Amino acid sequence: MKKKKLKCPYCGRTVGFFEAINIKENLNFYCKDCKGSAKVKISKDINTFILILLISNTVSFLFFSFIARMFLLGSLITSLLYLCFYLLVPRTIVLKKE
């Protein structure tokens, strides 16, 4: 996936990472500079992220629970995978003009 900055579709103001985390749960984005309103959409790349997360968590769980018998390490790796997913989700946000 291409690394791009999230910008307001009206004035082009760059939206920060933590602001993107907050707006992903809303249906509308309101720009602080131009007071424009935009719809929040999630790109199709999120399906790929979800599939990778499910496969890697399943493999991690099976390996660390049944083969290696290292429950603590398996839990830590699973937590890190979810954290990585949560940090990648704001990159999939697309702002569209209303």
# chains A, B, ... in the order shown; residues from 1 in each chain; ligands from 1
call {"tool": "residues_around", "arguments": {"residues": "range 40-46 of chain A", "least_positions_apart": "2", "cutoff": "6 Å", "atoms": "only C-alpha atoms", "output": "count of residues only"}}
result
8
call {"tool": "select_by_dssp", "arguments": {"residues": "chain A", "states": "alpha helix (DSSP H)", "output": "count of residues only"}}
result
43
call {"tool": "residues_around", "arguments": {"residues": "Val15 in chain A", "least_positions_apart": "5", "cutoff": "10 Å", "atoms": "only C-alpha atoms", "output": "list of chain:residue names"}}
result
A:Lys5, A:Leu6, A:Lys7, A:Cys8, A:Ala20, A:Ile23, A:Cys31, A:Lys32
call {"tool": "write_last_selection", "arguments": {"atoms": "C-alpha atoms", "output": "short mmCIF file (atom, residue, chain, number, x, y, z; two decimals), in the first residue's frame"}}
result
data_model
loop_
_atom_site.label_atom_id
_atom_site.label_comp_id
_atom_site.auth_asym_id
_atom_site.auth_seq_id
_atom_site.Cartn_x
_atom_site.Cartn_y
_atom_site.Cartn_z
CA LYS A 5 -1.10 11.59 3.93
CA LEU A 6 -4.75 12.03 4.80
CA LYS A 7 -5.88 15.49 3.68
CA CYS A 8 -9.05 17.57 3.84
CA ALA A 20 -7.32 10.09 11.98
CA ILE A 23 -12.36 10.28 12.93
CA CYS A 31 -12.15 20.43 9.04
CA LYS A 32 -10.93 22.87 11.68
#
call {"tool": "closest_atom_pairs", "arguments": {"of": "range 39-65 of chain A", "to": "range 71-88 of chain A", "cutoff": "10 Å", "atoms": "only C-alpha atoms", "output": "Markdown table"}}
result
| residue | atom | partner | partner_atom | distance |
| --- | --- | --- | --- | --- |
| A:Ile46 | CA | A:Leu88 | CA | 8.9 |
| A:Phe49 | CA | A:Phe85 | CA | 7.1 |
| A:Ile50 | CA | A:Phe85 | CA | 8.0 |
| A:Ile52 | CA | A:Phe85 | CA | 9.4 |
| A:Leu53 | CA | A:Leu81 | CA | 6.9 |
| A:Leu54 | CA | A:Leu81 | CA | 9.7 |
| A:Ser56 | CA | A:Leu81 | CA | 8.0 |
| A:Asn57 | CA | A:Thr78 | CA | 6.0 |
| A:Thr58 | CA | A:Thr78 | CA | 9.2 |
| A:Ser60 | CA | A:Gly74 | CA | 6.3 |
| A:Phe61 | CA | A:Gly74 | CA | 6.3 |
| A:Leu62 | CA | A:Gly74 | CA | 9.0 |
| A:Phe63 | CA | A:Gly74 | CA | 8.1 |
| A:Phe64 | CA | A:Gly74 | CA | 5.1 |
| A:Ser65 | CA | A:Phe71 | CA | 5.8 |
call {"tool": "select_by_dssp", "arguments": {"residues": "range 7-74 of chain A", "states": "strand (DSSP E or B)", "output": "mmCIF file with C-alpha atoms, in the first residue's frame"}}
result
data_model
loop_
_atom_site.group_PDB
_atom_site.id
_atom_site.type_symbol
_atom_site.label_atom_id
_atom_site.label_comp_id
_atom_site.auth_asym_id
_atom_site.auth_seq_id
_atom_site.Cartn_x
_atom_site.Cartn_y
_atom_site.Cartn_z
ATOM 1 C CA LYS A 7 -5.885 15.489 3.679
ATOM 2 C CA THR A 14 -3.085 17.410 6.455
ATOM 3 C CA ASN A 28 -18.346 12.696 9.106
ATOM 4 C CA PHE A 29 -15.124 14.717 9.238
ATOM 5 C CA TYR A 30 -15.234 18.444 10.019
ATOM 6 C CA SER A 37 -17.631 18.523 6.031
ATOM 7 C CA ALA A 38 -16.524 15.272 4.423
ATOM 8 C CA LYS A 39 -17.710 11.679 4.552
ATOM 9 C CA VAL A 40 -15.369 9.125 6.086
ATOM 10 C CA LYS A 41 -14.887 5.978 4.002
ATOM 11 C CA ILE A 42 -12.644 2.985 4.568
#
call {"tool": "residues_around", "arguments": {"residues": "Asp33 in chain A", "least_positions_apart": "2", "cutoff": "8 Å", "atoms": "only C-alpha atoms", "output": "list of chain:residue names"}}
result
A:Cys11, A:Arg13, A:Cys31, A:Lys35
call {"tool": "write_last_selection", "arguments": {"atoms": "N, CA and C atoms", "output": "compact mmCIF listing (two decimals), in the first residue's frame"}}
result
# COMPACT_ATOMS: atom_id res chain seq x y z
N CYS A 11 -9.70 21.98 1.62
CA CYS A 11 -8.59 22.93 1.72
C CYS A 11 -7.22 22.26 1.63
N ARG A 13 -5.67 20.56 4.03
CA ARG A 13 -4.97 20.50 5.32
C ARG A 13 -4.69 19.04 5.66
N CYS A 31 -13.46 19.79 9.08
CA CYS A 31 -12.15 20.43 9.04
C CYS A 31 -12.14 21.63 9.99
N LYS A 35 -13.83 24.58 7.85
CA LYS A 35 -15.16 24.21 8.35
C LYS A 35 -15.93 23.35 7.34
call {"tool": "atom_distance", "arguments": {"atom1": "CA of Lys24 in chain A", "atom2": "CA of Leu51 in chain A"}}
result
19.6 Å
